Amino acid sequence: MAEASAQQSRKPGPTVLVIFGATGDLTHRKLIPSVLGLHEDDLLPEEFAVIGFARRPKSDDDFCEGLIAALEEHSQGRKKPAFQELRERIHYLQSTFDDEKGYTKLREILDAADAAREVPATRIFYLATPPSAYRTILQRLEQSGLSEETEQRAARVIIEKPFGRSFETARELNEQVAASFSERQVYRIDHYLGKETVQNILALRFANGLFEPMWNQKYIDHVQITVAESIGIEGRGGYFEESGIIRDMIQNHLLQVLTLIAMEPPATLHADSVRDEKVKVLRSMESLTPETVAKRTARGQYTASAVAGKDLPGYLEEEGVSPDSTTETFAALRLSIDNWRWAGTPFFLRAGKSMPKRITEVAIHYNQPPHMLFGKAGVADMPDNVLVLQIQPDEGISFNFGSKVPGPDFDLSAVRMDFRYAAAFGTSSADSYERLLYDAMIGDSTLFARRDELEEAWRIVDSVVAGWADCKMKPSPYPAGSWGPSEAARILGKNRRWRRL
Ligand code: BG6
C-alpha cells in the first residue's frame, strides 16, 4: 500500500477524514481542534478534506457553525483563524449509520474527488460514535466497498475506546472489525500513547547507555505507575457505572504505559516490531486468582468531603450513579511480570478519580545499598533512589537520591536532579490526538493498540474483576480530594510506600 512511501515524507499524501459521530463531544473537543493544530503546524496535505457523517439534518454551513461554537467553548476561539482557512474543506453528510444510501453517497463523493485528482486520497474512517454503532458502521463500510484498498489508495479505520468491556466482548468486536478490515488497516486509539512523554519512555531507555543495563530485577526493587485525576466523573455517570476505573483507565492507559516500561528492546521501530515486544510483556503476566486478587488489589470509591472550604460530591451523589453502586473510582494493583528481566520485581499500578491533584507518573525504585556505612543511619532510613518519569502535567524526568547534609554529622537527606521539558525545549507538546491523527494519515500504527495486545490486557483485567466478584471485595470509601483508601498500602508489602505526590 501507500504506507511505506508516505512515511518517508513529512506531509501525508492526499487524505479524506470521514468522522462518524461528527456532531458529538469527541469531534468538538479533540478531533477538529487536532486537525486545526496539524494545519497550524503545516502537517496537513494540500489535498485534505473532512467529511462529517452524522444523523442530524444539517448543511455544510450549519455543521461549520456548530464546530465554531464548540471551538469558542473549548479553545476560547484560539483556533478560529485556522478553521476559517480550512472551512472550504469541511463537509457534512447526513445519514443514519444504518442507511446503505448514506454509504453509497459517501462512496460517490470520494470516488468523484479521486477522479478529479491524479493521486487517490487515503480514506480514514474515524468511529467517534458510541460503541453500540460500531458494528453497523463497519458492516456498511464493507458492504459499500469503502473498506477496500487498492495499490494506490489506502483505507484505514480508527476506533475509539471503550473497545469492549471484557475479553469476550473485545474479541467479538475484533472479529467484527476483522470481517471488514484487515488488521493492518485498523488503528485502535489509546490517547496515552500519543503523549510526548509516554513516547519518551522509549527514548530514555533505548537512546541512552546509562539506564538500560540497570533496567531489570537485579537493580530495580519495584515500579509504581500512578494516574491520579482531581476531577470526578464529570457527568459521565452512565458510562462510568458500567466501566469503573479498572476498565476506564487501567485496562488501557496504565497497562500501555507498563508495557513500554517493561518491554525488551525491539529489533526496529517498525510498528509490529514494537508491538510484538509489548504483547510479550502482557503474555508474561499471569491472570490473577480470587486469592491473589484479595492480597494484591485494592478498590475505593470517593465520598463527599470538603477541601479548602469547597464541597466535593461523593460518587453516589453524582448524576447517573445508582445510590448503592459498588463501582470503584480508585484501584490499586500489584502485578508481576514473570520473565527473565522482571521476575521478583512487582509493578504497582494505581488510578483514581477525585484525588488531590492531577498527576501521571512512573517511578522506578532502585534497590537499597546492601550495607549502610553511615553511623546512626540505617539502610531503611536512606531515601530510595527513584527515577521519576512525570508524564503530566509539568512533563519531565527526575532522579531522587540521598546526599550528605552539610555539617559535622553524617546526616542524609533526599535530593533531586531535574529535567523539565518546558525549560529544556521551550515548546509545549502537541495534543496526543494531533499526533495520533497524523500517524494514522501517514500509515504508522506503532502508537495504536494491536488486536492481541488489547485482548491480553482484557484477560488480565477480567481476572481482577472476576476476583473482586468472587471474594466480594467492595470498594472502600475514601474522602473526595484524598489519595484513596488506606488499604492501598496493604498491597505494597514491607518497607514500601506509595509515593506522596
Ligand atoms: C479517558 C478516560 O480515557 O482518559 C477519562 O475515559 C479520563 O475518564 C481521561 O479522565 C484522562 O485523560 P488525560 O489525558 O486527561 O489524562
# chains A, B, ... in the order shown; residues from 1 in each chain; ligands from 1
call {"tool": "residues_near_ligand", "arguments": {"ligand": "ligand 1", "cutoff": "10 Å", "atoms": "only C-alpha atoms and all ligand atoms", "output": "ChimeraX atom specification"}}
result
/A:160-162,189-195,227-234,236,239-240,243-245,247-250,252-253,329,352-353,358-360,391-393,431-433
call {"tool": "residues_around", "arguments": {"residues": "A:Val35", "least_positions_apart": "6", "cutoff": "9 Å", "atoms": "only C-alpha atoms", "output": "list in words"}}
result
Leu44, Tyr433, Glu434, Leu437 and Tyr438 of chain A
call {"tool": "write_last_selection", "arguments": {"atoms": "all heavy atoms", "output": "PDB file, in the first residue's frame"}}
result
ATOM      1  N   LEU A  44      -0.679  19.101   7.406  1.00  0.00           N
ATOM      2  CA  LEU A  44      -1.772  18.517   6.617  1.00  0.00           C
ATOM      3  C   LEU A  44      -1.365  18.526   5.144  1.00  0.00           C
ATOM      4  O   LEU A  44      -0.678  19.447   4.699  1.00  0.00           O
ATOM      5  CB  LEU A  44      -3.057  19.340   6.769  1.00  0.00           C
ATOM      6  CG  LEU A  44      -3.841  19.208   8.061  1.00  0.00           C
ATOM      7  CD1 LEU A  44      -5.105  20.067   7.988  1.00  0.00           C
ATOM      8  CD2 LEU A  44      -4.204  17.761   8.362  1.00  0.00           C
ATOM      9  N   TYR A 433      -4.044  13.629  20.457  1.00  0.00           N
ATOM     10  CA  TYR A 433      -4.883  13.277  19.303  1.00  0.00           C
ATOM     11  C   TYR A 433      -4.270  13.800  18.005  1.00  0.00           C
ATOM     12  O   TYR A 433      -4.413  13.184  16.949  1.00  0.00           O
ATOM     13  CB  TYR A 433      -6.300  13.832  19.470  1.00  0.00           C
ATOM     14  CG  TYR A 433      -7.183  12.877  20.241  1.00  0.00           C
ATOM     15  CD1 TYR A 433      -7.227  12.916  21.619  1.00  0.00           C
ATOM     16  CD2 TYR A 433      -7.947  11.921  19.583  1.00  0.00           C
ATOM     17  CE1 TYR A 433      -8.015  12.035  22.333  1.00  0.00           C
ATOM     18  CE2 TYR A 433      -8.740  11.033  20.286  1.00  0.00           C
ATOM     19  CZ  TYR A 433      -8.775  11.088  21.661  1.00  0.00           C
ATOM     20  OH  TYR A 433      -9.541  10.200  22.350  1.00  0.00           O
ATOM     21  N   GLU A 434      -3.593  14.926  18.121  1.00  0.00           N
ATOM     22  CA  GLU A 434      -2.977  15.508  16.933  1.00  0.00           C
ATOM     23  C   GLU A 434      -1.914  14.551  16.397  1.00  0.00           C
ATOM     24  O   GLU A 434      -1.863  14.240  15.212  1.00  0.00           O
ATOM     25  CB  GLU A 434      -2.347  16.829  17.369  1.00  0.00           C
ATOM     26  CG  GLU A 434      -2.164  17.814  16.274  1.00  0.00           C
ATOM     27  CD  GLU A 434      -1.731  19.158  16.841  1.00  0.00           C
ATOM     28  OE1 GLU A 434      -2.389  19.668  17.792  1.00  0.00           O
ATOM     29  OE2 GLU A 434      -0.738  19.690  16.341  1.00  0.00           O
ATOM     30  N   LEU A 437      -3.598  11.308  15.010  1.00  0.00           N
ATOM     31  CA  LEU A 437      -4.248  11.507  13.715  1.00  0.00           C
ATOM     32  C   LEU A 437      -3.206  11.577  12.603  1.00  0.00           C
ATOM     33  O   LEU A 437      -3.371  10.991  11.524  1.00  0.00           O
ATOM     34  CB  LEU A 437      -5.017  12.834  13.711  1.00  0.00           C
ATOM     35  CG  LEU A 437      -6.499  12.808  13.988  1.00  0.00           C
ATOM     36  CD1 LEU A 437      -7.075  14.215  13.883  1.00  0.00           C
ATOM     37  CD2 LEU A 437      -7.231  11.877  13.020  1.00  0.00           C
ATOM     38  N   TYR A 438      -2.134  12.285  12.884  1.00  0.00           N
ATOM     39  CA  TYR A 438      -1.060  12.414  11.901  1.00  0.00           C
ATOM     40  C   TYR A 438      -0.482  11.027  11.572  1.00  0.00           C
ATOM     41  O   TYR A 438      -0.291  10.665  10.416  1.00  0.00           O
ATOM     42  CB  TYR A 438       0.017  13.350  12.454  1.00  0.00           C
ATOM     43  CG  TYR A 438       1.242  13.425  11.591  1.00  0.00           C
ATOM     44  CD1 TYR A 438       1.256  14.198  10.435  1.00  0.00           C
ATOM     45  CD2 TYR A 438       2.402  12.704  11.918  1.00  0.00           C
ATOM     46  CE1 TYR A 438       2.388  14.259   9.625  1.00  0.00           C
ATOM     47  CE2 TYR A 438       3.530  12.762  11.119  1.00  0.00           C
ATOM     48  CZ  TYR A 438       3.519  13.537   9.971  1.00  0.00           C
ATOM     49  OH  TYR A 438       4.637  13.587   9.173  1.00  0.00           O
TER      50      TYR A 438
END
call {"tool": "select_by_dssp", "arguments": {"residues": "stretch 184-281 of chain A", "states": "alpha helix (DSSP H)", "output": "PyMOL selection string"}}
result
chain A and resi 196-206+237-245+255-262+271-281
call {"tool": "write_last_selection", "arguments": {"atoms": "C-alpha atoms", "output": "mmCIF file, in the first residue's frame"}}
result
data_model
loop_
_atom_site.group_PDB
_atom_site.id
_atom_site.type_symbol
_atom_site.label_atom_id
_atom_site.label_comp_id
_atom_site.auth_asym_id
_atom_site.auth_seq_id
_atom_site.Cartn_x
_atom_site.Cartn_y
_atom_site.Cartn_z
ATOM 1 C CA GLU A 196 5.054 13.024 24.087
ATOM 2 C CA THR A 197 6.315 11.916 27.494
ATOM 3 C CA VAL A 198 4.933 8.414 27.082
ATOM 4 C CA GLN A 199 6.870 8.116 23.813
ATOM 5 C CA ASN A 200 9.918 9.474 25.590
ATOM 6 C CA ILE A 201 9.996 6.281 27.663
ATOM 7 C CA LEU A 202 11.438 4.609 24.567
ATOM 8 C CA ALA A 203 13.970 7.385 24.014
ATOM 9 C CA LEU A 204 15.072 7.347 27.647
ATOM 10 C CA ARG A 205 15.535 3.604 27.662
ATOM 11 C CA PHE A 206 16.980 2.946 24.243
ATOM 12 C CA GLY A 237 -22.224 8.566 35.425
ATOM 13 C CA GLY A 238 -23.972 6.218 32.994
ATOM 14 C CA TYR A 239 -20.718 5.268 31.285
ATOM 15 C CA PHE A 240 -18.648 5.083 34.447
ATOM 16 C CA GLU A 241 -21.113 2.836 36.262
ATOM 17 C CA GLU A 242 -20.508 0.255 33.536
ATOM 18 C CA SER A 243 -16.761 0.597 33.470
ATOM 19 C CA GLY A 244 -15.274 1.657 36.801
ATOM 20 C CA ILE A 245 -11.681 2.857 36.933
ATOM 21 C CA LEU A 255 -1.202 -1.208 31.044
ATOM 22 C CA GLN A 256 0.045 0.502 27.890
ATOM 23 C CA VAL A 257 2.495 2.567 29.919
ATOM 24 C CA LEU A 258 3.552 -0.574 31.804
ATOM 25 C CA THR A 259 4.362 -2.407 28.557
ATOM 26 C CA LEU A 260 6.594 0.436 27.367
ATOM 27 C CA ILE A 261 8.464 0.418 30.674
ATOM 28 C CA ALA A 262 8.858 -3.358 30.759
ATOM 29 C CA ALA A 271 5.006 -0.852 14.299
ATOM 30 C CA ASP A 272 4.928 -4.624 14.559
ATOM 31 C CA SER A 273 8.388 -4.889 15.991
ATOM 32 C CA VAL A 274 7.442 -2.587 18.875
ATOM 33 C CA ARG A 275 4.041 -4.147 19.376
ATOM 34 C CA ASP A 276 5.490 -7.687 19.353
ATOM 35 C CA GLU A 277 7.618 -6.732 22.354
ATOM 36 C CA LYS A 278 4.720 -5.039 24.148
ATOM 37 C CA VAL A 279 2.469 -8.027 23.769
ATOM 38 C CA LYS A 280 5.191 -10.344 25.108
ATOM 39 C CA VAL A 281 5.132 -8.371 28.363
#
call {"tool": "closest_residue", "arguments": {"among": "A:Asn208, A:Asn495, A:Thr297, A:Thr289", "to": "A:Ala466", "atoms": "only C-alpha atoms"}}
result
A:Thr289
call {"tool": "residues_around", "arguments": {"residues": "A:Ser482", "least_positions_apart": "3", "cutoff": "8 Å", "atoms": "only C-alpha atoms", "output": "PDB file with C-alpha atoms, in the first residue's frame"}}
result
ATOM      1  CA  SER A 354     -11.253  12.885  42.759  1.00  0.00           C
ATOM      2  CA  MET A 355      -7.711  12.782  44.092  1.00  0.00           C
ATOM      3  CA  PRO A 356      -5.860  15.808  45.495  1.00  0.00           C
ATOM      4  CA  TYR A 478     -12.117   7.481  50.622  1.00  0.00           C
ATOM      5  CA  PRO A 479     -12.908  11.172  51.006  1.00  0.00           C
TER       6      PRO A 479
END
call {"tool": "atom_distance", "arguments": {"atom1": "atom CA of A:Ile491", "atom2": "atom CA of A:Ala469"}}
result
18.4 Å
call {"tool": "select_by_dssp", "arguments": {"residues": "stretch 151-347 of chain A", "states": "strand (DSSP E)", "output": "PyMOL selection string"}}
result
chain A and resi 155-159+186-188+220-228+297-303+305-307+310-312+330-335+347
call {"tool": "write_last_selection", "arguments": {"atoms": "N, CA, C and O atoms", "output": "short mmCIF file (atom, residue, chain, number, x, y, z; two decimals), in the first residue's frame"}}
result
data_model
loop_
_atom_site.label_atom_id
_atom_site.label_comp_id
_atom_site.auth_asym_id
_atom_site.auth_seq_id
_atom_site.Cartn_x
_atom_site.Cartn_y
_atom_site.Cartn_z
N ALA A 155 -7.09 2.57 2.85
CA ALA A 155 -8.32 2.83 3.63
C ALA A 155 -8.05 2.36 5.05
O ALA A 155 -7.54 1.25 5.25
N ARG A 156 -8.32 3.22 6.02
CA ARG A 156 -8.00 2.87 7.41
C ARG A 156 -9.18 3.20 8.31
O ARG A 156 -9.95 4.11 8.01
N VAL A 157 -9.28 2.49 9.41
CA VAL A 157 -10.35 2.79 10.35
C VAL A 157 -9.72 3.06 11.72
O VAL A 157 -8.83 2.34 12.16
N ILE A 158 -10.17 4.15 12.35
CA ILE A 158 -9.68 4.48 13.70
C ILE A 158 -10.83 4.20 14.67
O ILE A 158 -11.95 4.68 14.46
N ILE A 159 -10.54 3.45 15.70
CA ILE A 159 -11.60 3.06 16.62
C ILE A 159 -11.29 3.58 18.02
O ILE A 159 -10.18 3.42 18.54
N VAL A 186 -6.28 -1.25 10.73
CA VAL A 186 -7.03 -0.89 11.95
C VAL A 186 -6.15 -0.10 12.93
O VAL A 186 -5.03 -0.52 13.25
N TYR A 187 -6.66 1.02 13.41
CA TYR A 187 -5.94 1.90 14.33
C TYR A 187 -6.79 2.07 15.59
O TYR A 187 -7.74 2.85 15.60
N ARG A 188 -6.46 1.31 16.65
CA ARG A 188 -7.23 1.41 17.90
C ARG A 188 -6.57 2.48 18.76
O ARG A 188 -5.41 2.31 19.17
N ILE A 220 16.28 -3.11 40.23
CA ILE A 220 15.04 -2.37 40.50
C ILE A 220 14.19 -3.14 41.51
O ILE A 220 13.88 -4.32 41.30
N ASP A 221 13.86 -2.47 42.61
CA ASP A 221 13.06 -3.11 43.65
C ASP A 221 11.61 -3.23 43.21
O ASP A 221 10.97 -4.26 43.33
N HIS A 222 11.05 -2.11 42.70
CA HIS A 222 9.68 -2.12 42.23
C HIS A 222 9.41 -0.89 41.38
O HIS A 222 10.23 0.04 41.36
N VAL A 223 8.28 -0.90 40.69
CA VAL A 223 7.89 0.22 39.83
C VAL A 223 6.50 0.66 40.26
O VAL A 223 5.63 -0.19 40.51
N GLN A 224 6.29 1.97 40.38
CA GLN A 224 4.93 2.49 40.69
C GLN A 224 4.44 3.31 39.50
O GLN A 224 5.13 4.23 39.06
N ILE A 225 3.26 2.99 39.02
CA ILE A 225 2.66 3.81 37.96
C ILE A 225 1.38 4.42 38.53
O ILE A 225 0.49 3.70 38.98
N THR A 226 1.34 5.74 38.56
CA THR A 226 0.19 6.43 39.15
C THR A 226 -0.49 7.30 38.12
O THR A 226 0.18 8.07 37.41
N VAL A 227 -1.80 7.17 38.00
CA VAL A 227 -2.56 8.15 37.22
C VAL A 227 -3.65 8.69 38.14
O VAL A 227 -4.64 8.02 38.43
N ALA A 228 -3.40 9.89 38.67
CA ALA A 228 -4.36 10.49 39.59
C ALA A 228 -5.06 11.64 38.86
O ALA A 228 -4.41 12.39 38.13
N THR A 297 -4.79 -6.50 45.38
CA THR A 297 -5.53 -5.38 44.79
C THR A 297 -6.28 -4.61 45.88
O THR A 297 -6.54 -5.14 46.96
N ALA A 298 -6.61 -3.38 45.59
CA ALA A 298 -7.45 -2.58 46.49
C ALA A 298 -8.42 -1.78 45.63
O ALA A 298 -8.08 -1.40 44.49
N ARG A 299 -9.62 -1.56 46.15
CA ARG A 299 -10.63 -0.78 45.42
C ARG A 299 -11.13 0.33 46.31
O ARG A 299 -11.25 0.15 47.53
N GLY A 300 -11.49 1.44 45.72
CA GLY A 300 -12.03 2.54 46.52
C GLY A 300 -13.13 3.28 45.77
O GLY A 300 -13.26 3.17 44.54
N GLN A 301 -13.91 4.02 46.54
CA GLN A 301 -14.96 4.86 45.94
C GLN A 301 -14.99 6.17 46.72
O GLN A 301 -15.01 6.14 47.96
N TYR A 302 -14.99 7.32 46.03
CA TYR A 302 -14.91 8.58 46.78
C TYR A 302 -16.24 8.96 47.41
O TYR A 302 -17.30 8.69 46.87
N THR A 303 -16.12 9.56 48.59
CA THR A 303 -17.31 10.00 49.32
C THR A 303 -17.25 11.53 49.44
O THR A 303 -16.17 12.12 49.28
N SER A 305 -16.85 15.23 50.56
CA SER A 305 -15.95 15.84 51.54
C SER A 305 -15.82 17.32 51.24
O SER A 305 -16.36 17.81 50.24
N ALA A 306 -15.14 18.01 52.11
CA ALA A 306 -14.88 19.44 51.86
C ALA A 306 -13.38 19.65 51.89
O ALA A 306 -12.69 19.18 52.78
N VAL A 307 -12.87 20.29 50.84
CA VAL A 307 -11.43 20.56 50.78
C VAL A 307 -11.26 22.05 50.56
O VAL A 307 -11.82 22.61 49.62
N LYS A 310 -14.27 23.99 49.97
CA LYS A 310 -15.09 23.66 48.81
C LYS A 310 -15.72 22.27 49.02
O LYS A 310 -15.02 21.31 49.39
N ASP A 311 -17.04 22.19 48.78
CA ASP A 311 -17.71 20.90 48.94
C ASP A 311 -17.49 20.04 47.71
O ASP A 311 -17.77 20.49 46.59
N LEU A 312 -17.01 18.83 47.92
CA LEU A 312 -16.83 17.92 46.79
C LEU A 312 -17.87 16.81 46.91
O LEU A 312 -18.03 16.23 48.00
N PHE A 330 -11.37 4.20 42.33
CA PHE A 330 -9.93 4.10 42.62
C PHE A 330 -9.60 2.63 42.59
O PHE A 330 -10.37 1.79 43.06
N ALA A 331 -8.45 2.27 42.03
CA ALA A 331 -7.99 0.89 42.14
C ALA A 331 -6.48 0.88 42.19
O ALA A 331 -5.82 1.74 41.61
N ALA A 332 -5.96 -0.07 42.95
CA ALA A 332 -4.51 -0.26 43.00
C ALA A 332 -4.24 -1.75 42.82
O ALA A 332 -4.96 -2.59 43.36
N LEU A 333 -3.25 -2.07 42.01
CA LEU A 333 -2.93 -3.47 41.72
C LEU A 333 -1.44 -3.72 41.87
O LEU A 333 -0.63 -2.85 41.56
N ARG A 334 -1.13 -4.93 42.30
CA ARG A 334 0.26 -5.37 42.30
C ARG A 334 0.36 -6.46 41.23
O ARG A 334 -0.28 -7.50 41.34
N LEU A 335 1.13 -6.18 40.20
CA LEU A 335 1.20 -7.14 39.09
C LEU A 335 2.64 -7.65 38.97
O LEU A 335 3.59 -6.91 39.23
N PHE A 347 5.20 -4.63 39.89
CA PHE A 347 4.74 -3.38 39.28
C PHE A 347 3.45 -2.99 40.00
O PHE A 347 2.49 -3.77 40.01
#
call {"tool": "residues_around", "arguments": {"residues": "A:Ser398", "least_positions_apart": "6", "cutoff": "12 Å", "atoms": "only C-alpha atoms", "output": "ChimeraX atom specification"}}
result
/A:204,361-364,385-391,415-421
call {"tool": "write_last_selection", "arguments": {"atoms": "all heavy atoms", "output": "short mmCIF file (atom, residue, chain, number, x, y, z; two decimals), in the first residue's frame"}}
result
data_model
loop_
_atom_site.label_atom_id
_atom_site.label_comp_id
_atom_site.auth_asym_id
_atom_site.auth_seq_id
_atom_site.Cartn_x
_atom_site.Cartn_y
_atom_site.Cartn_z
N LEU A 204 14.27 7.43 26.42
CA LEU A 204 15.07 7.35 27.65
C LEU A 204 15.75 5.98 27.74
O LEU A 204 16.96 5.89 28.00
CB LEU A 204 14.16 7.55 28.87
CG LEU A 204 14.88 7.38 30.20
CD1 LEU A 204 15.50 8.71 30.62
CD2 LEU A 204 13.94 6.89 31.29
N GLU A 361 2.54 9.66 36.64
CA GLU A 361 3.98 9.43 36.66
C GLU A 361 4.32 7.95 36.78
O GLU A 361 3.51 7.14 37.22
CB GLU A 361 4.65 10.22 37.80
CG GLU A 361 4.21 9.78 39.18
CD GLU A 361 5.26 9.93 40.27
OE1 GLU A 361 5.82 11.02 40.41
OE2 GLU A 361 5.52 8.93 40.98
N VAL A 362 5.56 7.66 36.37
CA VAL A 362 6.11 6.32 36.57
C VAL A 362 7.31 6.50 37.47
O VAL A 362 8.17 7.35 37.18
CB VAL A 362 6.59 5.71 35.23
CG1 VAL A 362 7.18 4.33 35.47
CG2 VAL A 362 5.46 5.67 34.21
N ALA A 363 7.38 5.75 38.56
CA ALA A 363 8.52 5.88 39.47
C ALA A 363 9.23 4.53 39.54
O ALA A 363 8.64 3.52 39.90
CB ALA A 363 8.04 6.31 40.85
N ILE A 364 10.51 4.56 39.16
CA ILE A 364 11.33 3.34 39.19
C ILE A 364 12.13 3.39 40.48
O ILE A 364 12.98 4.27 40.67
CB ILE A 364 12.34 3.33 38.00
CG1 ILE A 364 11.69 3.77 36.68
CG2 ILE A 364 13.09 2.02 37.91
CD1 ILE A 364 10.84 2.75 36.02
N ASN A 385 16.58 5.49 45.88
CA ASN A 385 16.95 6.08 44.58
C ASN A 385 15.74 5.87 43.68
O ASN A 385 15.34 4.73 43.43
CB ASN A 385 18.13 5.35 43.96
CG ASN A 385 19.44 5.64 44.66
OD1 ASN A 385 20.40 4.90 44.51
ND2 ASN A 385 19.50 6.71 45.44
N VAL A 386 15.16 6.96 43.22
CA VAL A 386 13.95 6.83 42.40
C VAL A 386 14.11 7.64 41.13
O VAL A 386 14.43 8.83 41.18
CB VAL A 386 12.70 7.34 43.15
CG1 VAL A 386 11.44 6.98 42.37
CG2 VAL A 386 12.60 6.79 44.54
N LEU A 387 13.90 6.98 40.02
CA LEU A 387 13.87 7.68 38.73
C LEU A 387 12.40 7.93 38.41
O LEU A 387 11.62 6.97 38.35
CB LEU A 387 14.51 6.80 37.65
CG LEU A 387 14.56 7.40 36.26
CD1 LEU A 387 15.53 8.58 36.20
CD2 LEU A 387 14.99 6.34 35.24
N VAL A 388 12.03 9.19 38.27
CA VAL A 388 10.61 9.51 38.08
C VAL A 388 10.38 10.07 36.68
O VAL A 388 11.01 11.05 36.29
CB VAL A 388 10.15 10.57 39.12
CG1 VAL A 388 8.67 10.91 38.90
CG2 VAL A 388 10.36 10.06 40.53
N LEU A 389 9.50 9.43 35.94
CA LEU A 389 9.13 9.95 34.63
C LEU A 389 7.77 10.61 34.82
O LEU A 389 6.77 9.91 35.02
CB LEU A 389 9.01 8.84 33.59
CG LEU A 389 10.09 7.75 33.62
CD1 LEU A 389 9.91 6.79 32.46
CD2 LEU A 389 11.47 8.37 33.55
N GLN A 390 7.74 11.92 34.82
CA GLN A 390 6.46 12.61 35.03
C GLN A 390 5.80 12.84 33.68
O GLN A 390 6.32 13.58 32.84
CB GLN A 390 6.65 13.92 35.78
CG GLN A 390 5.30 14.54 36.09
CD GLN A 390 5.33 15.45 37.32
OE1 GLN A 390 6.09 15.24 38.24
NE2 GLN A 390 4.50 16.47 37.30
N ILE A 391 4.68 12.20 33.50
CA ILE A 391 4.03 12.22 32.18
C ILE A 391 3.15 13.45 32.02
O ILE A 391 3.07 14.03 30.95
CB ILE A 391 3.30 10.88 31.97
CG1 ILE A 391 4.39 9.83 31.74
CG2 ILE A 391 2.33 10.92 30.80
CD1 ILE A 391 4.00 8.43 31.82
N VAL A 415 17.66 14.32 47.78
CA VAL A 415 17.77 15.48 46.88
C VAL A 415 17.36 15.02 45.48
O VAL A 415 17.16 13.83 45.24
CB VAL A 415 19.21 16.04 46.85
CG1 VAL A 415 19.57 16.67 48.17
CG2 VAL A 415 20.20 14.96 46.46
N ARG A 416 17.28 15.98 44.55
CA ARG A 416 16.66 15.64 43.26
C ARG A 416 17.38 16.31 42.09
O ARG A 416 17.67 17.51 42.15
CB ARG A 416 15.23 16.16 43.32
CG ARG A 416 14.35 15.69 42.23
CD ARG A 416 12.95 15.99 42.60
NE ARG A 416 12.52 17.20 41.89
CZ ARG A 416 11.26 17.50 41.66
NH1 ARG A 416 10.29 16.73 42.10
NH2 ARG A 416 10.95 18.60 41.01
N MET A 417 17.67 15.54 41.05
CA MET A 417 18.14 16.13 39.80
C MET A 417 16.94 16.19 38.87
O MET A 417 16.17 15.22 38.80
CB MET A 417 19.19 15.23 39.15
CG MET A 417 20.53 15.33 39.82
SD MET A 417 21.87 14.64 38.82
CE MET A 417 21.45 12.95 38.66
N ASP A 418 16.84 17.25 38.14
CA ASP A 418 15.58 17.52 37.46
C ASP A 418 15.74 17.91 36.00
O ASP A 418 16.56 18.76 35.69
CB ASP A 418 14.96 18.73 38.19
CG ASP A 418 13.50 18.53 38.43
OD1 ASP A 418 12.99 17.46 38.08
OD2 ASP A 418 12.88 19.46 38.97
N PHE A 419 14.96 17.33 35.14
CA PHE A 419 14.89 17.78 33.75
C PHE A 419 13.43 18.08 33.46
O PHE A 419 12.55 17.27 33.75
CB PHE A 419 15.39 16.67 32.81
CG PHE A 419 14.75 16.68 31.45
CD1 PHE A 419 15.12 17.63 30.50
CD2 PHE A 419 13.76 15.77 31.11
CE1 PHE A 419 14.51 17.66 29.25
CE2 PHE A 419 13.14 15.79 29.87
CZ PHE A 419 13.53 16.74 28.94
N ARG A 420 13.13 19.28 32.96
CA ARG A 420 11.74 19.65 32.61
C ARG A 420 11.69 19.94 31.12
O ARG A 420 12.50 20.72 30.61
CB ARG A 420 11.26 20.90 33.36
CG ARG A 420 11.17 20.79 34.86
CD ARG A 420 10.04 19.91 35.36
NE ARG A 420 10.60 18.76 36.05
CZ ARG A 420 9.88 17.70 36.46
NH1 ARG A 420 8.60 17.65 36.28
NH2 ARG A 420 10.47 16.69 37.06
N TYR A 421 10.71 19.35 30.45
CA TYR A 421 10.57 19.58 29.01
C TYR A 421 10.44 21.05 28.67
O TYR A 421 11.07 21.54 27.75
CB TYR A 421 9.29 18.90 28.52
CG TYR A 421 9.50 17.50 28.07
CD1 TYR A 421 9.66 16.50 29.02
CD2 TYR A 421 9.56 17.18 26.74
CE1 TYR A 421 9.86 15.20 28.63
CE2 TYR A 421 9.77 15.87 26.34
CZ TYR A 421 9.92 14.89 27.28
OH TYR A 421 10.13 13.61 26.90
#
call {"tool": "closest_residue", "arguments": {"among": "A:Glu456, A:Glu183, A:Glu88, A:Glu40", "to": "A:Phe63", "atoms": "only C-alpha atoms"}}
result
A:Glu88
call {"tool": "atom_distance", "arguments": {"atom1": "atom CA of A:Arg341", "atom2": "atom CA of A:Gln217"}}
result
5.9 Å
call {"tool": "residues_around", "arguments": {"residues": "A:Leu93", "least_positions_apart": "5", "cutoff": "7 Å", "atoms": "only C-alpha atoms", "output": "list in words"}}
result
Ile51, Gly52, Phe53 and Ala54 of chain A
call {"tool": "closest_atom_pairs", "arguments": {"of": "stretch 44-132 of chain A", "to": "stretch 9-20 of chain A", "cutoff": "6 Å", "atoms": "only C-alpha atoms", "output": "Markdown table"}}
result
| residue | atom | partner | partner_atom | distance |
| --- | --- | --- | --- | --- |
| A:Pro45 | CA | A:Pro12 | CA | 5.5 |
| A:Glu47 | CA | A:Pro14 | CA | 4.7 |
| A:Phe48 | CA | A:Thr15 | CA | 5.0 |
| A:Ala49 | CA | A:Val16 | CA | 4.8 |
| A:Val50 | CA | A:Leu17 | CA | 4.8 |
| A:Ile51 | CA | A:Val18 | CA | 4.7 |
| A:Gly52 | CA | A:Ile19 | CA | 5.0 |
| A:Phe53 | CA | A:Phe20 | CA | 4.9 |
| A:Ala121 | CA | A:Pro14 | CA | 4.5 |
| A:Thr122 | CA | A:Thr15 | CA | 4.6 |
| A:Arg123 | CA | A:Val16 | CA | 5.2 |
| A:Ile124 | CA | A:Leu17 | CA | 4.9 |
| A:Phe125 | CA | A:Val18 | CA | 4.9 |
| A:Tyr126 | CA | A:Ile19 | CA | 4.8 |
| A:Leu127 | CA | A:Phe20 | CA | 5.2 |
| A:Ala128 | CA | A:Phe20 | CA | 5.6 |
call {"tool": "closest_residue", "arguments": {"among": "A:Pro383, A:Leu501, A:Asp324, A:Tyr366", "to": "A:Pro475", "atoms": "only C-alpha atoms"}}
result
A:Asp324
call {"tool": "residues_around", "arguments": {"residues": "A:Val461", "least_positions_apart": "2", "cutoff": "9 Å", "atoms": "only C-alpha atoms", "output": "number ranges by chain"}}
result
A: 166-167, 246-247, 250-251, 287-288, 456-459, 463-466
call {"tool": "atom_distance", "arguments": {"atom1": "atom CA of A:Leu138", "atom2": "atom CA of A:Pro33"}}
result
25.4 Å
call {"tool": "closest_residue", "arguments": {"among": "A:Lys101, A:Thr169, A:Pro131, A:Lys79", "to": "A:Asp462", "atoms": "only C-alpha atoms"}}
result
A:Thr169
call {"tool": "closest_residue", "arguments": {"among": "A:Gly164, A:Gly314, A:Gly344, A:Pro370", "to": "A:Leu454", "atoms": "only C-alpha atoms"}}
result
A:Gly164
